>>> print(open('model-v6.txt').read())   # compact mmCIF, C-alpha atoms
# COMPACT_ATOMS: atom_id res chain seq x y z
CA MET E 1 4.69 -31.87 -0.47
CA PRO E 2 3.63 -29.81 2.57
CA PRO E 3 1.51 -26.78 1.66
CA PHE E 4 4.16 -24.24 2.67
CA ALA E 5 6.59 -25.72 0.12
CA PHE E 6 4.62 -24.30 -2.80
CA PRO E 7 4.76 -20.58 -1.87
CA LEU E 8 8.37 -21.06 -0.72
CA ALA E 9 9.26 -22.43 -4.15
CA GLY E 10 7.46 -19.47 -5.71
CA ILE E 11 9.50 -17.05 -3.60
CA VAL E 12 12.81 -18.67 -4.55
CA ALA E 13 11.87 -18.79 -8.24
CA GLY E 14 10.73 -15.16 -8.03
CA LEU E 15 14.07 -14.04 -6.59
CA ILE E 16 15.97 -15.74 -9.41
CA ILE E 17 13.68 -14.50 -12.15
CA GLY E 18 13.51 -11.05 -10.58
CA SER E 19 17.31 -10.79 -10.70
CA PHE E 20 17.23 -11.40 -14.45
CA MET E 21 14.31 -9.01 -14.92
CA ALA E 22 16.17 -6.27 -13.04
CA THR E 23 19.09 -6.67 -15.43
CA ILE E 24 16.71 -6.41 -18.38
CA SER E 25 15.05 -3.26 -17.03
CA VAL E 26 18.43 -1.54 -16.57
CA ARG E 27 20.29 -2.66 -19.69
CA TRP E 28 17.66 -3.12 -22.41
CA PRO E 29 16.66 0.58 -22.59
CA GLN E 30 20.37 1.38 -22.96
CA GLY E 31 20.75 -1.03 -25.86
CA ILE E 32 23.06 -3.31 -23.85
CA SER E 33 22.72 -7.07 -24.28
CA VAL E 34 21.30 -8.93 -21.28
CA VAL E 35 22.33 -12.34 -22.60
CA ASN E 36 25.94 -12.00 -23.73
CA GLY E 37 28.75 -11.39 -21.28
CA ARG E 38 29.14 -11.81 -17.53
CA SER E 39 27.32 -9.68 -14.97
CA HIS E 40 29.34 -6.63 -14.00
CA CYS E 41 29.21 -3.50 -11.92
CA ASP E 42 27.41 -0.72 -13.77
CA ILE E 43 29.99 1.82 -12.58
CA CYS E 44 33.47 0.24 -12.57
CA ASP E 45 32.57 -2.57 -15.02
CA ARG E 46 34.18 -5.23 -12.80
CA GLU E 47 32.86 -8.75 -13.36
CA LEU E 48 30.85 -9.95 -10.40
CA ARG E 49 31.66 -13.15 -8.56
CA TYR E 50 29.03 -15.82 -7.93
CA PHE E 51 28.54 -14.77 -4.28
CA GLU E 52 27.77 -11.23 -5.46
CA LEU E 53 24.89 -12.48 -7.58
CA ILE E 54 22.70 -13.99 -4.87
CA PRO E 55 19.34 -12.23 -5.29
CA LEU E 56 18.56 -9.74 -2.54
CA LEU E 57 21.06 -11.21 -0.05
CA SER E 58 24.14 -9.94 -1.90
CA TYR E 59 22.69 -6.42 -1.83
CA VAL E 60 22.08 -6.64 1.91
CA PHE E 61 25.46 -8.16 2.81
CA GLN E 62 27.30 -5.58 0.69
CA SER E 63 25.31 -2.71 2.21
CA GLY E 64 24.04 -1.78 -1.24
CA LYS E 65 27.53 -1.00 -2.57
CA CYS E 66 29.99 -2.52 -5.05
CA ARG E 67 32.78 -4.39 -3.22
CA GLU E 68 35.43 -2.84 -5.49
CA CYS E 69 34.53 0.77 -6.17
CA GLU E 70 31.96 1.16 -3.37
CA SER E 71 29.53 2.83 -5.75
CA PRO E 72 25.86 2.42 -4.78
CA ILE E 73 24.18 -0.55 -6.44
CA ASN E 74 21.09 0.46 -8.35
CA PRO E 75 18.27 -0.06 -5.79
CA GLU E 76 16.08 -1.12 -8.67
CA HIS E 77 17.70 -4.57 -8.52
CA PRO E 78 16.60 -5.58 -4.99
CA ALA E 79 13.23 -3.87 -5.43
CA ILE E 80 12.38 -5.91 -8.53
CA GLU E 81 13.76 -9.11 -6.98
CA LEU E 82 11.59 -8.60 -3.91
CA ALA E 83 8.50 -7.80 -5.98
CA ALA E 84 9.03 -10.89 -8.14
CA ALA E 85 9.45 -13.01 -5.00
CA VAL E 86 6.17 -11.68 -3.61
CA ILE E 87 4.40 -12.42 -6.88
CA GLY E 88 5.71 -16.00 -6.97
CA GLY E 89 4.90 -16.62 -3.33
CA VAL E 90 1.39 -15.18 -3.50
CA ALA E 91 0.53 -17.00 -6.74
CA LEU E 92 1.54 -20.39 -5.35
CA PHE E 93 -0.06 -19.65 -1.98
CA VAL E 94 -3.51 -19.00 -3.42
CA ALA E 95 -3.17 -21.77 -6.02
CA PRO E 96 -0.56 -24.41 -5.04
CA SER E 97 -0.72 -26.18 -8.38
CA LEU E 98 -0.05 -25.66 -12.07
CA THR E 99 -2.53 -22.79 -11.89
CA GLY E 100 -0.25 -20.98 -9.45
CA VAL E 101 2.81 -21.53 -11.64
CA VAL E 102 1.01 -20.11 -14.65
CA GLY E 103 -0.31 -17.22 -12.56
CA ALA E 104 3.19 -16.38 -11.38
CA ILE E 105 4.37 -16.24 -14.99
CA PHE E 106 1.54 -13.81 -15.68
CA GLY E 107 2.55 -11.64 -12.72
CA TRP E 108 6.23 -11.62 -13.62
CA GLN E 109 5.47 -10.44 -17.13
CA LEU E 110 3.29 -7.67 -15.77
CA LEU E 111 6.01 -6.62 -13.34
CA LEU E 112 8.62 -6.11 -16.06
CA LEU E 113 6.17 -4.19 -18.24
CA ALA E 114 5.19 -1.98 -15.29
CA VAL E 115 8.82 -1.17 -14.46
CA LEU E 116 9.68 -0.23 -18.05
CA ASP E 117 6.56 1.91 -18.36
CA VAL E 118 7.19 3.76 -15.09
CA LYS E 119 10.86 4.43 -15.92
CA HIS E 120 10.74 5.00 -19.65
CA HIS E 121 7.05 5.23 -20.69
CA TRP E 122 7.91 2.24 -22.86
CA LEU E 123 5.92 -0.95 -23.41
CA PRO E 124 8.04 -2.99 -25.85
CA ASP E 125 6.13 -4.88 -28.51
CA LYS E 126 8.20 -7.98 -27.78
CA LEU E 127 6.84 -8.06 -24.23
CA THR E 128 3.24 -7.12 -24.99
CA TYR E 129 3.06 -9.68 -27.81
CA MET E 130 4.57 -12.27 -25.48
CA LEU E 131 1.86 -11.45 -22.93
CA ILE E 132 -0.83 -11.91 -25.57
CA ILE E 133 0.58 -15.19 -26.87
CA SER E 134 1.20 -16.64 -23.42
CA GLY E 135 -2.32 -15.67 -22.36
CA VAL E 136 -3.78 -17.61 -25.26
CA LEU E 137 -1.47 -20.58 -24.68
CA ALA E 138 -2.43 -20.65 -21.01
CA ALA E 139 -5.77 -22.06 -22.14
CA LEU E 140 -3.92 -25.31 -22.85
CA ALA E 141 -3.14 -25.69 -19.15
CA LEU E 142 -6.12 -23.98 -17.50
CA ASP E 143 -9.84 -24.36 -18.08
CA VAL E 144 -10.85 -20.90 -16.84
CA PRO E 145 -11.25 -18.64 -18.66
CA ASP E 146 -11.83 -20.76 -21.72
CA PHE E 147 -10.19 -20.20 -25.10
CA GLY E 148 -13.11 -18.21 -26.51
CA ASP E 149 -13.23 -15.81 -23.56
CA ARG E 150 -9.50 -15.23 -23.88
CA ILE E 151 -9.72 -14.40 -27.60
CA ILE E 152 -12.65 -12.06 -27.02
CA GLY E 153 -10.73 -10.50 -24.13
CA GLY E 154 -7.75 -9.84 -26.36
CA VAL E 155 -9.83 -8.24 -29.09
CA ALA E 156 -11.95 -6.24 -26.65
CA GLY E 157 -8.94 -5.11 -24.65
CA PHE E 158 -7.09 -3.78 -27.66
CA GLY E 159 -10.17 -2.41 -29.41
CA SER E 160 -11.51 -0.46 -26.43
CA LEU E 161 -8.32 1.47 -25.73
CA PHE E 162 -7.55 1.89 -29.42
CA VAL E 163 -10.92 3.55 -29.99
CA ILE E 164 -10.40 5.79 -26.96
CA ALA E 165 -6.91 6.76 -28.18
CA VAL E 166 -8.12 7.59 -31.70
CA THR E 167 -11.10 9.56 -30.39
CA TYR E 168 -8.96 11.52 -27.94
CA LYS E 169 -6.42 12.38 -30.62
CA TYR E 170 -9.17 13.49 -33.01
CA ILE E 171 -10.74 15.78 -30.40
CA ARG E 172 -7.64 17.10 -28.60
CA LYS E 173 -5.20 16.97 -31.56
CA ARG E 174 -2.58 15.15 -29.47
CA ASP E 175 -1.86 11.63 -28.28
CA GLY E 176 -3.52 10.57 -25.05
CA LEU E 177 -2.85 6.84 -24.98
CA GLY E 178 -0.01 4.94 -26.59
CA ALA E 179 -0.51 1.85 -28.71
CA GLY E 180 1.41 -0.08 -26.08
CA ASP E 181 -1.39 0.45 -23.57
CA ALA E 182 -3.92 -1.11 -25.95
CA LYS E 183 -1.63 -4.09 -26.60
CA LEU E 184 -1.06 -4.52 -22.88
CA LEU E 185 -4.79 -4.57 -22.16
CA ALA E 186 -5.17 -7.07 -25.00
CA GLY E 187 -2.65 -9.31 -23.25
CA ILE E 188 -4.47 -8.92 -19.94
CA GLY E 189 -7.73 -9.80 -21.69
CA CYS E 190 -6.14 -12.95 -23.09
CA TRP E 191 -5.13 -13.95 -19.57
CA LEU E 192 -8.21 -12.97 -17.58
CA GLY E 193 -10.98 -13.09 -20.19
CA TRP E 194 -13.22 -10.32 -21.43
CA MET E 195 -15.62 -10.21 -18.48
CA VAL E 196 -13.17 -8.69 -15.99
CA LEU E 197 -11.73 -6.04 -18.33
CA PRO E 198 -14.03 -3.26 -17.02
CA LEU E 199 -12.84 -4.06 -13.49
CA VAL E 200 -9.20 -3.97 -14.62
CA VAL E 201 -9.66 -0.53 -16.21
CA LEU E 202 -11.55 0.73 -13.16
CA MET E 203 -8.85 -0.46 -10.77
CA ALA E 204 -6.11 0.95 -13.02
CA SER E 205 -7.89 4.32 -13.02
CA LEU E 206 -8.02 4.27 -9.22
CA VAL E 207 -4.30 3.47 -9.09
CA GLY E 208 -3.72 6.39 -11.46
CA ILE E 209 -5.70 8.74 -9.21
CA VAL E 210 -3.61 7.66 -6.23
CA ALA E 211 -0.39 8.17 -8.23
CA ALA E 212 -1.49 11.65 -9.36
CA THR E 213 -2.45 12.54 -5.78
CA LEU E 214 1.00 11.49 -4.54
CA LEU E 215 2.62 13.67 -7.22
CA LEU E 216 0.54 16.63 -6.06
CA MET E 217 1.49 15.96 -2.46
CA ARG E 218 5.13 16.13 -3.54
CA GLN E 219 4.34 19.56 -5.01
CA ARG E 220 4.61 18.38 -8.59
CA LYS E 221 2.13 19.73 -11.14
CA VAL E 222 -0.24 17.28 -12.83
CA LEU E 223 -1.68 18.91 -15.93
CA ALA E 224 -3.83 17.68 -18.80
CA ASP E 225 -0.73 16.95 -20.86
CA THR E 226 1.30 15.35 -18.03
CA ALA E 227 2.52 11.93 -19.14
CA LEU E 228 1.42 9.20 -16.73
CA PRO E 229 2.33 5.51 -17.18
CA PHE E 230 -1.20 4.14 -17.57
CA GLY E 231 0.19 0.81 -18.75
CA SER E 232 1.85 0.31 -15.38
CA TYR E 233 -1.48 1.01 -13.66
CA LEU E 234 -3.13 -1.67 -15.79
CA ALA E 235 -0.37 -4.12 -14.86
CA ILE E 236 -0.63 -3.27 -11.16
CA ALA E 237 -4.40 -3.83 -11.25
CA ALA E 238 -4.39 -7.06 -13.26
CA PHE E 239 -2.39 -9.35 -10.99
CA PRO E 240 -4.44 -8.74 -7.80
CA ILE E 241 -7.58 -9.44 -9.83
CA TRP E 242 -6.06 -12.76 -10.90
CA VAL E 243 -5.22 -13.50 -7.26
CA LEU E 244 -8.75 -12.76 -6.08
CA GLY E 245 -10.19 -14.89 -8.85
CA ASN E 246 -8.01 -17.89 -7.96
CA ALA E 247 -7.78 -17.61 -4.18
CA MET E 248 -8.76 -20.72 -2.28
CA PRO E 249 -11.58 -20.52 0.27
CA VAL E 250 -10.30 -19.39 3.69
CA GLU E 251 -11.23 -22.74 5.21
CA ARG E 252 -8.92 -24.61 2.83
CA VAL E 253 -6.04 -22.21 3.50
CA ILE E 254 -6.35 -22.62 7.28
CA GLN E 255 -6.70 -26.38 6.97
CA GLY E 256 -3.59 -26.60 4.77
CA LEU E 257 -1.48 -24.49 7.17
CA VAL E 258 -2.55 -26.53 10.18
CA TRP E 259 -1.77 -29.77 8.35
>>> encode(input="model-v6.txt", output="structure tokens")
Amino acid sequence: MPPFAFPLAGIVAGLIIGSFMATISVRWPQGISVVNGRSHCDICDRELRYFELIPLLSYVFQSGKCRECESPINPEHPAIELAAAVIGGVALFVAPSLTGVVGAIFGWQLLLLAVLDVKHHWLPDKLTYMLIISGVLAALALDVPDFGDRIIGGVAGFGSLFVIAVTYKYIRKRDGLGAGDAKLLAGIGCWLGWMVLPLVVLMASLVGIVAATLLLMRQRKVLADTALPFGSYLAIAAFPIWVLGNAMPVERVIQGLVW
């Protein structure tokens, strides 16, 4: 296969998976099944035809509106589809192999967790446990990090944030970090190994500072008790670190594109 076929496949797969993830992010918090029943308009409840379900393109061709009731389609759908496509394309660009496929799966899981945390301050146990389990199982396909580093990463990731959360609550008499954040970092540790966890937390903190600064610029108050989705910052930081750790040397990238 030519080198460009790998990231292209990742983009296509990302669009398809992103469409399903967008449905999950909208319906799951409402208690609506994402498996049973046909896709339908969230406003008029009309069942959607196959040509209205093409990821990203249907949104563009319909000008972001339902063909029947002309209500605006939730922009969350194309945004998640595009983000998932970027994740798939980047993962298989830097690692056009099984490593890239596994890395894309890692990124897609992080994306869904980030979306749910930003919108609802919710990191479902089903998703964080899935991240932990898949991170351990990834050792069956990839040599780096090895199984031991992944297990230590899981324990260290959970333990570090759990201790911080307990200490904060003891001192300030209120919750500072949710248990979901600790489970998420445990999952990231199982994927990336224990050695990069300090970098993940540092990068997540920087993302949080940027997010808080943007809130201030929009004239919104950021106080000591303002709830910020730290789990989403961890997710946003983790995938780029995986990319940097698996990126091919520049010479190989250029050689592959020329070929």
>>> residues_around(input="model-v6.txt", residues="Pro55 in chain E", least_positions_apart="2", cutoff="10 Å", atoms="all atoms listed in the file", output="ChimeraX atom specification")
/E:12,14-20,51-53,57-60,77-78,80-82,85
>>> write_last_selection(input="model-v6.txt", atoms="C-alpha atoms", output="PDB file, in the coordinates of the input")
ATOM      1  CA  VAL E  12      12.810 -18.670  -4.550  1.00  0.00           C
ATOM      2  CA  GLY E  14      10.730 -15.160  -8.030  1.00  0.00           C
ATOM      3  CA  LEU E  15      14.070 -14.040  -6.590  1.00  0.00           C
ATOM      4  CA  ILE E  16      15.970 -15.740  -9.410  1.00  0.00           C
ATOM      5  CA  ILE E  17      13.680 -14.500 -12.150  1.00  0.00           C
ATOM      6  CA  GLY E  18      13.510 -11.050 -10.580  1.00  0.00           C
ATOM      7  CA  SER E  19      17.310 -10.790 -10.700  1.00  0.00           C
ATOM      8  CA  PHE E  20      17.230 -11.400 -14.450  1.00  0.00           C
ATOM      9  CA  PHE E  51      28.540 -14.770  -4.280  1.00  0.00           C
ATOM     10  CA  GLU E  52      27.770 -11.230  -5.460  1.00  0.00           C
ATOM     11  CA  LEU E  53      24.890 -12.480  -7.580  1.00  0.00           C
ATOM     12  CA  LEU E  57      21.060 -11.210  -0.050  1.00  0.00           C
ATOM     13  CA  SER E  58      24.140  -9.940  -1.900  1.00  0.00           C
ATOM     14  CA  TYR E  59      22.690  -6.420  -1.830  1.00  0.00           C
ATOM     15  CA  VAL E  60      22.080  -6.640   1.910  1.00  0.00           C
ATOM     16  CA  HIS E  77      17.700  -4.570  -8.520  1.00  0.00           C
ATOM     17  CA  PRO E  78      16.600  -5.580  -4.990  1.00  0.00           C
ATOM     18  CA  ILE E  80      12.380  -5.910  -8.530  1.00  0.00           C
ATOM     19  CA  GLU E  81      13.760  -9.110  -6.980  1.00  0.00           C
ATOM     20  CA  LEU E  82      11.590  -8.600  -3.910  1.00  0.00           C
ATOM     21  CA  ALA E  85       9.450 -13.010  -5.000  1.00  0.00           C
TER      22      ALA E  85
END
>>> closest_residue(input="model-v6.txt", among="E:Glu68, E:Ile54, E:Ile24, E:Val201", to="Leu127 in chain E", atoms="all atoms listed in the file")
E:Ile24
>>> atom_distance(input="model-v6.txt", atom1="CA of Leu215 in chain E", atom2="CA of Arg174 in chain E")
22.9 Å
>>> closest_residue(input="model-v6.txt", among="E:Glu76, E:Arg172, E:Leu177, E:Glu47", to="Leu116 in chain E", atoms="all atoms listed in the file")
E:Glu76
>>> atom_distance(input="model-v6.txt", atom1="CA of Leu161 in chain E", atom2="CA of Leu216 in chain E")
26.4 Å
>>> residues_around(input="model-v6.txt", residues="Ala114 in chain E", least_positions_apart="4", cutoff="7 Å", atoms="all atoms listed in the file", output="count of residues only")
5
>>> closest_residue(input="model-v6.txt", among="E:Arg150, E:His121, E:Lys173, E:Arg218", to="Ser134 in chain E", atoms="all atoms listed in the file")
E:Arg150
>>> atom_distance(input="model-v6.txt", atom1="CA of Gly178 in chain E", atom2="CA of Thr128 in chain E")
12.6 Å
>>> residues_around(input="model-v6.txt", residues="Ala227 in chain E", least_positions_apart="3", cutoff="12 Å", atoms="all atoms listed in the file", output="NGL selection string")
:E and (117-122 or 174-178 or 208 or 211-212 or 221-224 or 230-231)
>>> residues_around(input="model-v6.txt", residues="Val200 in chain E", least_positions_apart="2", cutoff="8 Å", atoms="all atoms listed in the file", output="PyMOL selection string")
chain E and resi 196-198+202-204+234+237-238+241
>>> write_last_selection(input="model-v6.txt", atoms="C-alpha atoms", output="mmCIF file, keeping the file's coordinate frame")
data_model
loop_
_atom_site.group_PDB
_atom_site.id
_atom_site.type_symbol
_atom_site.label_atom_id
_atom_site.label_comp_id
_atom_site.auth_asym_id
_atom_site.auth_seq_id
_atom_site.Cartn_x
_atom_site.Cartn_y
_atom_site.Cartn_z
ATOM 1 C CA VAL E 196 -13.170 -8.690 -15.990
ATOM 2 C CA LEU E 197 -11.730 -6.040 -18.330
ATOM 3 C CA PRO E 198 -14.030 -3.260 -17.020
ATOM 4 C CA LEU E 202 -11.550 0.730 -13.160
ATOM 5 C CA MET E 203 -8.850 -0.460 -10.770
ATOM 6 C CA ALA E 204 -6.110 0.950 -13.020
ATOM 7 C CA LEU E 234 -3.130 -1.670 -15.790
ATOM 8 C CA ALA E 237 -4.400 -3.830 -11.250
ATOM 9 C CA ALA E 238 -4.390 -7.060 -13.260
ATOM 10 C CA ILE E 241 -7.580 -9.440 -9.830
#
>>> closest_atom_pairs(input="model-v6.txt", of="range 53-132 of chain E", to="range 37-42 of chain E", cutoff="9 Å", atoms="all atoms listed in the file", output="Markdown table")
| residue | atom | partner | partner_atom | distance |
| --- | --- | --- | --- | --- |
| E:Leu53 | CA | E:Ser39 | CA | 8.3 |
| E:Cys66 | CA | E:Cys41 | CA | 7.0 |
| E:Glu68 | CA | E:Cys41 | CA | 9.0 |
| E:Cys69 | CA | E:Cys41 | CA | 8.9 |
| E:Ser71 | CA | E:Cys41 | CA | 8.8 |
| E:Ile73 | CA | E:Cys41 | CA | 8.0 |
| E:Asn74 | CA | E:Asp42 | CA | 8.4 |
>>> residues_near_point(input="model-v6.txt", point="(-12.3, -16.6, -20.5)", cutoff="10 Å", atoms="all atoms listed in the file", output="ChimeraX atom specification")
/E:136,139,143-153,189-196
>>> closest_residue(input="model-v6.txt", among="E:Arg220, E:Lys126, E:Arg46, E:Lys169", to="Leu112 in chain E", atoms="only C-alpha atoms")
E:Lys126
>>> decode(input="model-v6.txt", residues="range 59-86 of chain E", atoms="N, CA, C and O atoms", output="mmCIF file, in the first residue's frame")
data_model
loop_
_atom_site.group_PDB
_atom_site.id
_atom_site.type_symbol
_atom_site.label_atom_id
_atom_site.label_comp_id
_atom_site.auth_asym_id
_atom_site.auth_seq_id
_atom_site.Cartn_x
_atom_site.Cartn_y
_atom_site.Cartn_z
ATOM 1 N N TYR E 59 -23.903 17.063 6.930
ATOM 2 C CA TYR E 59 -24.060 18.330 7.653
ATOM 3 C C TYR E 59 -23.787 19.504 6.726
ATOM 4 O O TYR E 59 -24.517 20.504 6.721
ATOM 5 N N VAL E 60 -22.744 19.382 5.911
ATOM 6 C CA VAL E 60 -22.376 20.463 4.991
ATOM 7 C C VAL E 60 -23.431 20.634 3.902
ATOM 8 O O VAL E 60 -23.898 21.751 3.629
ATOM 9 N N PHE E 61 -23.845 19.538 3.272
ATOM 10 C CA PHE E 61 -24.801 19.612 2.174
ATOM 11 C C PHE E 61 -26.177 20.092 2.627
ATOM 12 O O PHE E 61 -26.930 20.681 1.855
ATOM 13 N N GLN E 62 -26.516 19.840 3.895
ATOM 14 C CA GLN E 62 -27.810 20.270 4.418
ATOM 15 C C GLN E 62 -27.717 21.620 5.130
ATOM 16 O O GLN E 62 -28.669 22.042 5.796
ATOM 17 N N SER E 63 -26.583 22.264 5.000
ATOM 18 C CA SER E 63 -26.367 23.582 5.616
ATOM 19 C C SER E 63 -26.605 23.557 7.120
ATOM 20 O O SER E 63 -27.077 24.539 7.705
ATOM 21 N N GLY E 64 -26.308 22.408 7.737
ATOM 22 C CA GLY E 64 -26.436 22.293 9.184
ATOM 23 C C GLY E 64 -27.859 22.270 9.690
ATOM 24 O O GLY E 64 -28.104 22.591 10.862
ATOM 25 N N LYS E 65 -28.834 21.900 8.810
ATOM 26 C CA LYS E 65 -30.235 21.903 9.220
ATOM 27 C C LYS E 65 -30.902 20.578 8.860
ATOM 28 O O LYS E 65 -30.483 19.894 7.925
ATOM 29 N N CYS E 66 -31.948 20.228 9.595
ATOM 30 C CA CYS E 66 -32.761 19.061 9.274
ATOM 31 C C CYS E 66 -33.528 19.333 7.981
ATOM 32 O O CYS E 66 -34.076 20.423 7.790
ATOM 33 N N ARG E 67 -33.594 18.353 7.079
ATOM 34 C CA ARG E 67 -34.278 18.530 5.800
ATOM 35 C C ARG E 67 -35.784 18.694 5.988
ATOM 36 O O ARG E 67 -36.447 19.304 5.148
ATOM 37 N N GLU E 68 -36.332 18.189 7.071
ATOM 38 C CA GLU E 68 -37.787 18.226 7.280
ATOM 39 C C GLU E 68 -38.220 19.467 8.051
ATOM 40 O O GLU E 68 -39.031 20.260 7.568
ATOM 41 N N CYS E 69 -37.708 19.632 9.243
ATOM 42 C CA CYS E 69 -38.166 20.733 10.098
ATOM 43 C C CYS E 69 -37.249 21.953 10.049
ATOM 44 O O CYS E 69 -37.565 22.996 10.638
ATOM 45 N N GLU E 70 -36.098 21.803 9.388
ATOM 46 C CA GLU E 70 -35.123 22.884 9.231
ATOM 47 C C GLU E 70 -34.566 23.385 10.563
ATOM 48 O O GLU E 70 -34.055 24.504 10.659
ATOM 49 N N SER E 71 -34.670 22.559 11.588
ATOM 50 C CA SER E 71 -34.037 22.910 12.865
ATOM 51 C C SER E 71 -32.528 22.710 12.746
ATOM 52 O O SER E 71 -32.066 21.810 12.034
ATOM 53 N N PRO E 72 -31.744 23.526 13.439
ATOM 54 C CA PRO E 72 -30.288 23.375 13.369
ATOM 55 C C PRO E 72 -29.855 22.018 13.916
ATOM 56 O O PRO E 72 -30.343 21.578 14.957
ATOM 57 N N ILE E 73 -28.973 21.354 13.189
ATOM 58 C CA ILE E 73 -28.383 20.110 13.667
ATOM 59 C C ILE E 73 -27.340 20.454 14.719
ATOM 60 O O ILE E 73 -26.589 21.418 14.566
ATOM 61 N N ASN E 74 -27.328 19.688 15.781
ATOM 62 C CA ASN E 74 -26.365 19.926 16.846
ATOM 63 C C ASN E 74 -24.949 19.973 16.270
ATOM 64 O O ASN E 74 -24.465 18.981 15.720
ATOM 65 N N PRO E 75 -24.258 21.118 16.353
ATOM 66 C CA PRO E 75 -22.909 21.227 15.771
ATOM 67 C C PRO E 75 -21.888 20.311 16.431
ATOM 68 O O PRO E 75 -20.770 20.154 15.920
ATOM 69 N N GLU E 76 -22.302 19.712 17.535
ATOM 70 C CA GLU E 76 -21.417 18.767 18.204
ATOM 71 C C GLU E 76 -21.119 17.571 17.299
ATOM 72 O O GLU E 76 -20.013 17.017 17.345
ATOM 73 N N HIS E 77 -22.068 17.182 16.474
ATOM 74 C CA HIS E 77 -21.892 16.028 15.595
ATOM 75 C C HIS E 77 -20.723 16.229 14.629
ATOM 76 O O HIS E 77 -19.782 15.425 14.622
ATOM 77 N N PRO E 78 -20.736 17.269 13.782
ATOM 78 C CA PRO E 78 -19.603 17.432 12.859
ATOM 79 C C PRO E 78 -18.287 17.718 13.569
ATOM 80 O O PRO E 78 -17.227 17.324 13.082
ATOM 81 N N ALA E 79 -18.343 18.400 14.715
ATOM 82 C CA ALA E 79 -17.115 18.714 15.434
ATOM 83 C C ALA E 79 -16.430 17.439 15.923
ATOM 84 O O ALA E 79 -15.202 17.278 15.780
ATOM 85 N N ILE E 80 -17.204 16.515 16.491
ATOM 86 C CA ILE E 80 -16.635 15.264 16.975
ATOM 87 C C ILE E 80 -16.174 14.397 15.818
ATOM 88 O O ILE E 80 -15.120 13.752 15.877
ATOM 89 N N GLU E 81 -16.963 14.372 14.730
ATOM 90 C CA GLU E 81 -16.565 13.593 13.550
ATOM 91 C C GLU E 81 -15.245 14.092 12.993
ATOM 92 O O GLU E 81 -14.356 13.296 12.653
ATOM 93 N N LEU E 82 -15.090 15.404 12.922
ATOM 94 C CA LEU E 82 -13.848 15.979 12.400
ATOM 95 C C LEU E 82 -12.680 15.679 13.326
ATOM 96 O O LEU E 82 -11.583 15.316 12.870
ATOM 97 N N ALA E 83 -12.898 15.815 14.631
ATOM 98 C CA ALA E 83 -11.826 15.533 15.594
ATOM 99 C C ALA E 83 -11.404 14.073 15.528
ATOM 100 O O ALA E 83 -10.196 13.764 15.568
ATOM 101 N N ALA E 84 -12.366 13.169 15.409
ATOM 102 C CA ALA E 84 -12.050 11.738 15.315
ATOM 103 C C ALA E 84 -11.294 11.437 14.024
ATOM 104 O O ALA E 84 -10.400 10.584 14.001
ATOM 105 N N ALA E 85 -11.660 12.130 12.939
ATOM 106 C CA ALA E 85 -10.952 11.941 11.669
ATOM 107 C C ALA E 85 -9.502 12.402 11.780
ATOM 108 O O ALA E 85 -8.587 11.737 11.275
ATOM 109 N N VAL E 86 -9.294 13.523 12.453
ATOM 110 C CA VAL E 86 -7.928 14.029 12.647
ATOM 111 C C VAL E 86 -7.107 13.046 13.478
ATOM 112 O O VAL E 86 -5.946 12.758 13.159
#
